[in-house]
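Right, one structure below, let's go through it.
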Amino acid sequence: MTKKKYYAVKHGRQPGIYTTWNETKEHVHGFPSAKYKSFSTRQEAEEWLEPPTSNDTGLQAYVDGSYDKKTGRYSYGVVLLQGGIELARLANSDNDSRYSTSFQIAGECFGCLNAMQWGIRHGYTEITIFYDYLGIEKWATGEWRANKPVSQDYIRYYQQLKSRIEVTFVKVKAHSGVEMNELADQLAKKALKQ
């Protein structure tokens with residue numbers, strides 16, 4: 001038995017979700033710069049077309065991390081938005097030996113903390129953080145035990161900040177075409193080269 005597929009067309013003659021390749025092909029074949037992808041569930045297809053948001057008017061932060069094994073540097077990239085309008089981009093890298101053994105996860109953690117700090121500095125009391133590494137949420141909520149220096153410090157700083165800004169976490173699939181998450185990833189990679 002073949003598994004059912006859902007085809008999401010982001011850029012094509014008629015954007016939308018289709019259940020057959022033939023139907024999808026009509027909308028993308030010969031269309032310049034067509035953008036489409038197949039998924040195993042309708043929900044994944046919908047999220048790729050329109051990433052979930054919990055608060056369209058509040059502060060949103062897309063965070064991602066990166067790592068360069070040649071230099072031992074980790075980095076983060078953050079895109080901050082409100083109502084779909086980009087407010088700021090944050091990026092930085094470091095090679096603190098306490099954290100570099102956690103590779104890009106260190107960057108993801110510091111990206112989250114820096115997004116929260118930015119929100120506090122600019123007067124926000126709520127932030128929605130879009131992330132692709134599950135530990136960002138699971139450590140913060142206590143569902144995962146922190147047993148490495150980066151996760152232990154992440155929890156400690158998160159606890160200090162969360163009394164000043166309420167955080168909602170939203171998981172996005174890594175490298176799945178979520179535009180702002182891809183931009184955060186690019187910022188993190190670029191920060192490694194500076």
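Residue names in the structure tokens use chain letters A, B, ... in the order shown, residue numbers from 1 in each chain, and ligand numbers from 1 in the order shown.
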**Request:** Using only C-alpha atoms, determine which residues lie at most 12 Å from A:Lys25, disregarding the query and same-chain residues fewer than 6 positions distant; provide the list as a PyMOL selection string.
**Result:** chain A and resi 7-9+12-15+17-19+31+34-38
I need the chosen residues saved as a tab-separated table (two decimals), in the first residue's frame, with N, CA and C atoms.
chain	number	residue	atom	x	y	z
A	7	TYR	N	1.05	17.48	-1.47
A	7	TYR	CA	1.97	18.33	-2.20
A	7	TYR	C	1.59	19.79	-1.95
A	8	ALA	N	2.52	20.53	-1.38
A	8	ALA	CA	2.27	21.95	-1.10
A	8	ALA	C	2.96	22.78	-2.19
A	9	VAL	N	2.20	23.65	-2.83
A	9	VAL	CA	2.73	24.54	-3.85
A	9	VAL	C	2.75	25.95	-3.26
A	12	GLY	N	3.51	28.91	-7.70
A	12	GLY	CA	3.07	28.18	-8.88
A	12	GLY	C	1.86	28.86	-9.46
A	13	ARG	N	1.25	28.23	-10.46
A	13	ARG	CA	0.06	28.83	-11.08
A	13	ARG	C	-1.06	29.01	-10.07
A	14	GLN	N	-1.24	28.03	-9.19
A	14	GLN	CA	-2.28	28.10	-8.15
A	14	GLN	C	-1.72	27.53	-6.85
A	15	PRO	N	-1.19	28.39	-5.96
A	15	PRO	CA	-0.66	27.88	-4.69
A	15	PRO	C	-1.74	27.15	-3.89
A	17	ILE	N	-2.57	23.11	-1.56
A	17	ILE	CA	-2.19	21.74	-1.21
A	17	ILE	C	-2.96	20.78	-2.11
A	18	TYR	N	-2.23	19.83	-2.68
A	18	TYR	CA	-2.81	18.86	-3.61
A	18	TYR	C	-2.46	17.45	-3.14
A	19	THR	N	-3.27	16.48	-3.57
A	19	THR	CA	-3.06	15.10	-3.11
A	19	THR	C	-2.52	14.17	-4.18
A	31	PHE	N	6.45	26.58	-14.77
A	31	PHE	CA	6.26	27.84	-14.05
A	31	PHE	C	7.63	28.31	-13.55
A	34	ALA	N	9.18	27.90	-9.68
A	34	ALA	CA	8.16	27.19	-8.91
A	34	ALA	C	8.77	26.66	-7.62
A	35	LYS	N	7.98	26.71	-6.56
A	35	LYS	CA	8.45	26.22	-5.26
A	35	LYS	C	7.37	25.31	-4.71
A	36	TYR	N	7.74	24.04	-4.52
A	36	TYR	CA	6.77	23.05	-4.04
A	36	TYR	C	7.52	21.94	-3.32
A	37	LYS	N	6.76	21.18	-2.53
A	37	LYS	CA	7.37	20.13	-1.73
A	37	LYS	C	6.31	19.12	-1.34
A	38	SER	N	6.72	17.84	-1.18
A	38	SER	CA	5.76	16.81	-0.75
A	38	SER	C	5.94	16.53	0.74
Using only C-alpha atoms, find each residue of stretch 49-103 of chain A with at least one atom at most 12 Å away from an atom of stretch 179-194 of chain A; report its shortest atom-to-atom pair and that distance in Å (one decimal), sort the rows by chain and rising residue number, and return the result as a tab-separated table.
residue	atom	partner	partner_atom	distance
A:Leu49	CA	A:Glu179	CA	9.9
A:Glu50	CA	A:Glu179	CA	9.8
A:Pro51	CA	A:Glu179	CA	8.9
A:Gln60	CA	A:Met180	CA	10.3
A:Ala61	CA	A:Met180	CA	8.8
A:Tyr62	CA	A:Asn181	CA	5.5
A:Val63	CA	A:Ala184	CA	5.7
A:Asp64	CA	A:Asp185	CA	5.3
A:Gly65	CA	A:Ala188	CA	5.7
A:Ser66	CA	A:Ala188	CA	5.6
A:Tyr67	CA	A:Leu192	CA	7.4
A:Asp68	CA	A:Leu192	CA	7.0
A:Lys69	CA	A:Leu192	CA	10.6
A:Lys70	CA	A:Leu192	CA	10.8
A:Thr71	CA	A:Leu192	CA	8.9
A:Gly72	CA	A:Leu192	CA	9.8
A:Arg73	CA	A:Leu192	CA	6.7
A:Tyr74	CA	A:Leu192	CA	7.0
A:Ser75	CA	A:Ala188	CA	5.3
A:Tyr76	CA	A:Ala188	CA	4.5
A:Gly77	CA	A:Ala188	CA	4.1
A:Val78	CA	A:Ala184	CA	5.1
A:Val79	CA	A:Ala184	CA	5.8
A:Leu80	CA	A:Met180	CA	9.1
A:Leu81	CA	A:Met180	CA	9.4
A:Gly84	CA	A:Met180	CA	10.2
A:Ile85	CA	A:Met180	CA	11.3
A:Glu86	CA	A:Met180	CA	9.6
A:Ala88	CA	A:Ala184	CA	11.2
A:Arg89	CA	A:Leu187	CA	8.1
A:Leu90	CA	A:Leu187	CA	7.8
A:Ala91	CA	A:Ala191	CA	5.9
A:Asn92	CA	A:Ala191	CA	5.4
A:Ser93	CA	A:Ala191	CA	5.8
A:Asp94	CA	A:Leu192	CA	8.3
A:Asn95	CA	A:Leu192	CA	10.0
**Request:** Identify all residues of chain A in helix (DSSP H, G or I) (DSSP on the backbone) and supply them as a PyMOL selection string.
**Result:** chain A and resi 21-28+42-49+97-100+104-121+135-141+149-162+179-192
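In this structure, atom CA of A:Val28 sits 17.5 Å away from atom CA of A:Glu46.
Take atom CA of A:Ile155 and atom CA of A:Trp139: the distance between them is 6.5 Å.
Remark: for A:Lys173, the closest of the candidate residues A:Trp118, A:Phe110, A:Trp48, A:Tyr124 is A:Trp48 (distances computed over only C-alpha atoms).
The gap separating atom CA of A:Ala45 from atom CA of A:Lys10 is 9.9 Å, in Å to one decimal.
With only C-alpha atoms taken into account, the protein and nucleic acid residues at most 12 Å from A:Gln152 (excluding it and anything under 2 positions from it in its own chain) are Arg98, Tyr99, Ser102, Ala106, Cys109, Gly135, Ile136, Trp139, Ala140, Gly142, Trp144, Arg145, Ala146, Asn147, Lys148, Pro149, Val150, Tyr154, Ile155, Arg156, Tyr157, Tyr158 and Gln159 of chain A.
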Contacts of A:Ser40 within 8 Å, only C-alpha atoms, excl. fewer than 6 positions in-chain, as a PDB file with C-alpha atoms, in the first residue's frame:
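Here's the written file around.pdb:
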ATOM      1  CA  LYS A   3       1.437   6.142   1.580  1.00  0.00           C
ATOM      2  CA  LYS A   4      -0.687   9.176   0.879  1.00  0.00           C
ATOM      3  CA  LYS A   5       1.286  12.292   0.038  1.00  0.00           C
ATOM      4  CA  TYR A   6       0.374  15.933   0.245  1.00  0.00           C
TER       5      TYR A   6
END
